[in-house]
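Undergrad: Take this structure, written in structure tokens, and hold onto it; I'll ask about it next.
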Amino acid sequence: MNLNFLKHPFIPEKRVKLILIDGRTPEHILYKLSSFGIDLILTDPCNFVYPSISYHPDIQLYSLGNGNLVTPPSMFENIKSKLSKYSFNIICGHSVLKSNYPEDIAYNVARIGDICFHKLNCTDPIIKKTLVVNGLTLVNVNQGYTKCSTAIISNSAIITSDKGIQKAALQNGIDSLLIAPGYIHLKDLNYGFIGGCIGLIAPDVLVITGSLQSHPDFKKVLEFLNKHKVEMISLTNSIPIDIGSLIPLLEVE
């Protein structure tokens with residue numbers, strides 16, 4: 001089987017074959033993902049950030065697309081080792097992660113098409129420079145956990161509970177559904193984020209770590225996904241858990 005790097009991070013053009021995922025993800029979720037023919041790389045903890053997010057892939061790594069991945073210095077050797085059988089270009093970022101916000105968000109950038117959203121004064125400088133050199137548009141938002149807060153549906157659509165991200169998205173031509181915060185589990189915190197429990201495994205297939213049926217905006221979510229011709233598959237019947245995004249890295253040719 002021939003495999004390709006994703007051109008755009010988070011948005012596959014074909015069926016996903018390799019995903020980076022939180023190393024604490026429950027076994028039954030891992031099993032369900034594996035049943036779709038997906039290989040899984042499980043993260044180890046980044047002990048410089050607080051425990052709730054220490055395993056989160058979107059804290060530990062940012063994909064620039066086309067096999068180029070940026071990681072914090074503390075995770076560079078770890079990520080490089082885990083992905084050694086593949087031909088990724090692992091780049092050591094400049095920003096050192098620390099426990100207190102916003103010193104833990106440098107790699108948590110949300111890219112939708114050619115537009116990147118983040119709290120730009122906190123973005124890792126290597127990521128920022130590369131995005132600019134590649135001609136992408138950088139948009140500043142106040143929410144530093146930008147990728148966590150953004151469920152990327154396509155190159156032109158997102159779901160978020162953050163009003164600032166929604167406003168910025170709409171201003172940049174991205175269709176955005178605003179939903180109520182909460183109804184997503186994140187260990188030791190009040191609640192998690194919609195972007196942290198969702199990931200595309202094909203251009204038109206979105207998986208979620210649980211069921212949104214108890215969410216007050218469930219019908220709106222279904223209508224929005226139907227509008228954009230994306231199917232949602234619940235991996236469990238329980239409340240969704242925030243696992244720091246499912247990051248697709250390889251797709252079938």
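Labeling convention for the structure tokens: chains A, B, ... as they appear, residues from 1 per chain, ligands from 1 in order of appearance.
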Would you mind listing what lies within 9 Å of Glu253 in chain A as a PyMOL selection string, with only C-alpha atoms counted and same-chain residues fewer than 2 positions away left out?

TA: chain A and resi 1-4+14-15+251

Undergrad: Export, as a PDB file, in the first residue's frame, the selected residues with C-alpha atoms.

TA:
ATOM      1  CA  MET A   1       0.000   0.000   0.000  1.00  0.00           C
ATOM      2  CA  ASN A   2       1.368   3.381  -1.028  1.00  0.00           C
ATOM      3  CA  LEU A   3       0.961   6.194   1.472  1.00  0.00           C
ATOM      4  CA  ASN A   4       1.175   9.957   1.180  1.00  0.00           C
ATOM      5  CA  LYS A  14      -8.064  10.333   0.926  1.00  0.00           C
ATOM      6  CA  ARG A  15      -8.602   7.705   3.615  1.00  0.00           C
ATOM      7  CA  GLU A 251      -3.274   8.833   3.946  1.00  0.00           C
TER       8      GLU A 251
END

Undergrad: List as a JSON list (two decimals) with C-alpha atoms, in the first residue's frame the protein and nucleic acid residues near Ser234 in chain A, meaning an atom at most 8 Å away when only C-alpha atoms are counted, but skip any in the same chain fewer than 4 places from it.

TA:
[["chain", "number", "residue", "atom", "x", "y", "z"],
["A", 207, "VAL", "CA", -14.92, 10.63, 14.11],
["A", 208, "ILE", "CA", -15.70, 11.78, 17.64],
["A", 209, "THR", "CA", -14.58, 10.11, 20.86],
["A", 210, "GLY", "CA", -18.15, 9.88, 22.17],
["A", 211, "SER", "CA", -21.72, 10.90, 21.49]]

Undergrad: What is the distance between CA of Glu13 in chain A and CA of Val252 in chain A, in Å to one decimal?

TA: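 Between these atoms lies a distance of 9.0 Å.
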
Undergrad: Would you give me, as a tab-separated table, each residue of range 140-215 of chain A having an atom within 7 Å of an atom of range 102-123 of chain A, along with its shortest atom pair and that distance in Å to one decimal, using only C-alpha atoms and sorting by chain and residue number?

TA:
residue	atom	partner	partner_atom	distance
A:Asn140	CA	A:Lys119	CA	5.3
A:Val141	CA	A:Lys119	CA	5.2
A:Asn142	CA	A:Lys119	CA	5.6
A:Gln143	CA	A:Lys119	CA	6.3
A:Gly144	CA	A:Lys119	CA	5.1
A:Tyr145	CA	A:Asn108	CA	6.0
A:Thr146	CA	A:His118	CA	5.6
A:Lys147	CA	A:Ala110	CA	4.5
A:Thr150	CA	A:Ala110	CA	6.9
A:Ile152	CA	A:Ile112	CA	6.9
A:Asn155	CA	A:Gly113	CA	4.3
A:Ser156	CA	A:Ile112	CA	6.6

Undergrad: Within 10 Å of range 195-201 of chain A, counting only C-alpha atoms, which residues show up once you throw out same-chain ones fewer than 3 positions away? Write them as a PDB file with C-alpha atoms, in the first residue's frame, please.

TA:
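And here's selection-v9.pdb as it stands now:
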ATOM      1  CA  PHE A  10      -5.992  17.907   9.824  1.00  0.00           C
ATOM      2  CA  ILE A  11      -7.724  17.682   6.395  1.00  0.00           C
ATOM      3  CA  PRO A  12      -7.097  14.467   4.422  1.00  0.00           C
ATOM      4  CA  GLU A  13      -7.790  14.128   0.717  1.00  0.00           C
ATOM      5  CA  LYS A  14      -8.064  10.333   0.926  1.00  0.00           C
ATOM      6  CA  ARG A  15      -8.602   7.705   3.615  1.00  0.00           C
ATOM      7  CA  VAL A  16      -6.346   8.223   6.653  1.00  0.00           C
ATOM      8  CA  LYS A  17      -3.866   5.468   7.466  1.00  0.00           C
ATOM      9  CA  LEU A  18      -1.807   6.895  10.374  1.00  0.00           C
ATOM     10  CA  ILE A  19      -2.934   9.003  13.336  1.00  0.00           C
ATOM     11  CA  LEU A  33     -10.120   3.342  15.190  1.00  0.00           C
ATOM     12  CA  PHE A  36     -11.079   1.254  10.241  1.00  0.00           C
ATOM     13  CA  ILE A  38      -5.869   3.032  10.835  1.00  0.00           C
ATOM     14  CA  HIS A  56      -2.262  15.858  23.958  1.00  0.00           C
ATOM     15  CA  PRO A  57      -0.850  15.635  20.426  1.00  0.00           C
ATOM     16  CA  ASP A  58      -1.918  19.184  19.558  1.00  0.00           C
ATOM     17  CA  ALA A 110      -5.468  25.857  13.924  1.00  0.00           C
ATOM     18  CA  TYR A 145      -5.843  26.790  22.821  1.00  0.00           C
ATOM     19  CA  THR A 146      -6.876  27.481  19.260  1.00  0.00           C
ATOM     20  CA  LYS A 147      -6.685  23.981  17.779  1.00  0.00           C
ATOM     21  CA  CYS A 148      -8.274  22.477  20.894  1.00  0.00           C
ATOM     22  CA  SER A 149     -11.166  24.881  20.462  1.00  0.00           C
ATOM     23  CA  THR A 150     -11.613  24.313  16.717  1.00  0.00           C
ATOM     24  CA  ALA A 151     -13.210  21.247  15.143  1.00  0.00           C
ATOM     25  CA  ILE A 152     -11.982  21.420  11.572  1.00  0.00           C
ATOM     26  CA  ILE A 153     -14.637  20.080   9.204  1.00  0.00           C
ATOM     27  CA  SER A 154     -13.113  21.051   5.853  1.00  0.00           C
ATOM     28  CA  ILE A 158     -15.303  24.704  11.473  1.00  0.00           C
ATOM     29  CA  ILE A 159     -17.258  24.124  14.675  1.00  0.00           C
ATOM     30  CA  THR A 160     -16.237  25.970  17.839  1.00  0.00           C
ATOM     31  CA  SER A 161     -17.549  27.128  21.197  1.00  0.00           C
ATOM     32  CA  ILE A 184     -17.067  17.243  26.754  1.00  0.00           C
ATOM     33  CA  HIS A 185     -14.914  15.553  29.410  1.00  0.00           C
ATOM     34  CA  LEU A 186     -11.346  16.616  30.180  1.00  0.00           C
ATOM     35  CA  GLY A 192     -12.902  19.977  27.340  1.00  0.00           C
ATOM     36  CA  ASP A 204     -16.095  13.251   4.347  1.00  0.00           C
ATOM     37  CA  VAL A 205     -15.840  11.205   7.555  1.00  0.00           C
ATOM     38  CA  LEU A 206     -15.417  12.744  10.998  1.00  0.00           C
ATOM     39  CA  VAL A 207     -14.916  10.628  14.110  1.00  0.00           C
ATOM     40  CA  ILE A 208     -15.701  11.781  17.638  1.00  0.00           C
ATOM     41  CA  THR A 209     -14.584  10.107  20.857  1.00  0.00           C
ATOM     42  CA  GLY A 210     -18.147   9.881  22.171  1.00  0.00           C
ATOM     43  CA  VAL A 230     -19.504  15.178   6.217  1.00  0.00           C
ATOM     44  CA  GLU A 231     -20.577  12.051   8.118  1.00  0.00           C
ATOM     45  CA  MET A 232     -19.961  11.867  11.877  1.00  0.00           C
ATOM     46  CA  ILE A 233     -19.131   8.537  13.512  1.00  0.00           C
ATOM     47  CA  SER A 234     -19.319   8.272  17.302  1.00  0.00           C
ATOM     48  CA  PRO A 240     -16.947  12.728  24.346  1.00  0.00           C
ATOM     49  CA  ILE A 241     -13.486  13.053  25.882  1.00  0.00           C
ATOM     50  CA  ASP A 242     -10.961  15.699  24.914  1.00  0.00           C
ATOM     51  CA  ILE A 243      -7.799  13.860  23.849  1.00  0.00           C
ATOM     52  CA  GLY A 244      -6.042  16.807  22.226  1.00  0.00           C
ATOM     53  CA  SER A 245      -7.215  16.156  18.680  1.00  0.00           C
ATOM     54  CA  LEU A 246      -6.748  13.147  16.449  1.00  0.00           C
ATOM     55  CA  ILE A 247      -3.915  14.255  14.187  1.00  0.00           C
ATOM     56  CA  PRO A 248      -3.865  12.467  10.795  1.00  0.00           C
ATOM     57  CA  GLU A 251      -3.274   8.833   3.946  1.00  0.00           C
TER      58      GLU A 251
END

Undergrad: Report the residues of range 50-253 of chain A whose backbone DSSP state falls under alpha helix (DSSP H), written as a ChimeraX atom specification.

TA: /A:57-60,76-82,125-133,163-171,218-227

Undergrad: Point out the residue among A:Phe193, A:Phe76, A:Tyr183, A:Tyr55 with the least atom-to-atom distance to Gly93 in chain A, counting only C-alpha atoms.

TA: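 With only C-alpha atoms as the atom set, the closest residue is A:Phe76.
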
Undergrad: Which residue out of A:Leu177, A:Leu212, A:Ile53, A:Ile59 has the minimum interatomic distance to Leu235 in chain A when only C-alpha atoms are used?

TA: A:Leu212

Undergrad: Considering only strand (DSSP E) as DSSP defines it on the backbone, what residues of range 63-249 of chain A qualify? List them as a PyMOL selection string.

TA: chain A and resi 63-65+68-71+89-92+110-112+115-118+137-140+150-154+157-160+175-178+198-202+205-208+231-234+247-249

Undergrad: Closest to Val70 in chain A among A:Lys128, A:Lys187, A:Lys32, A:His215, using only C-alpha atoms?

TA: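 So, comparing all the options, the nearest one is A:Lys128.
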
Undergrad: Rounded to one decimal, what separation in Å do you get between CA of Gln171 in chain A and CA of Ala157 in chain A?

TA: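 Value for the CA of Gln171 in chain A-CA of Ala157 in chain A distance: 12.5 Å.
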
Undergrad: Excluding Ile91 in chain A and any residue of its chain fewer than 4 positions from it, enumerate the residues within 12 Å of it, using only C-alpha atoms, and give them as JSON, numbers by chain.

TA: {"A": [61, 62, 63, 64, 67, 68, 69, 70, 71, 72, 73, 75, 76, 77, 79, 80, 95, 124, 126, 127, 130]}
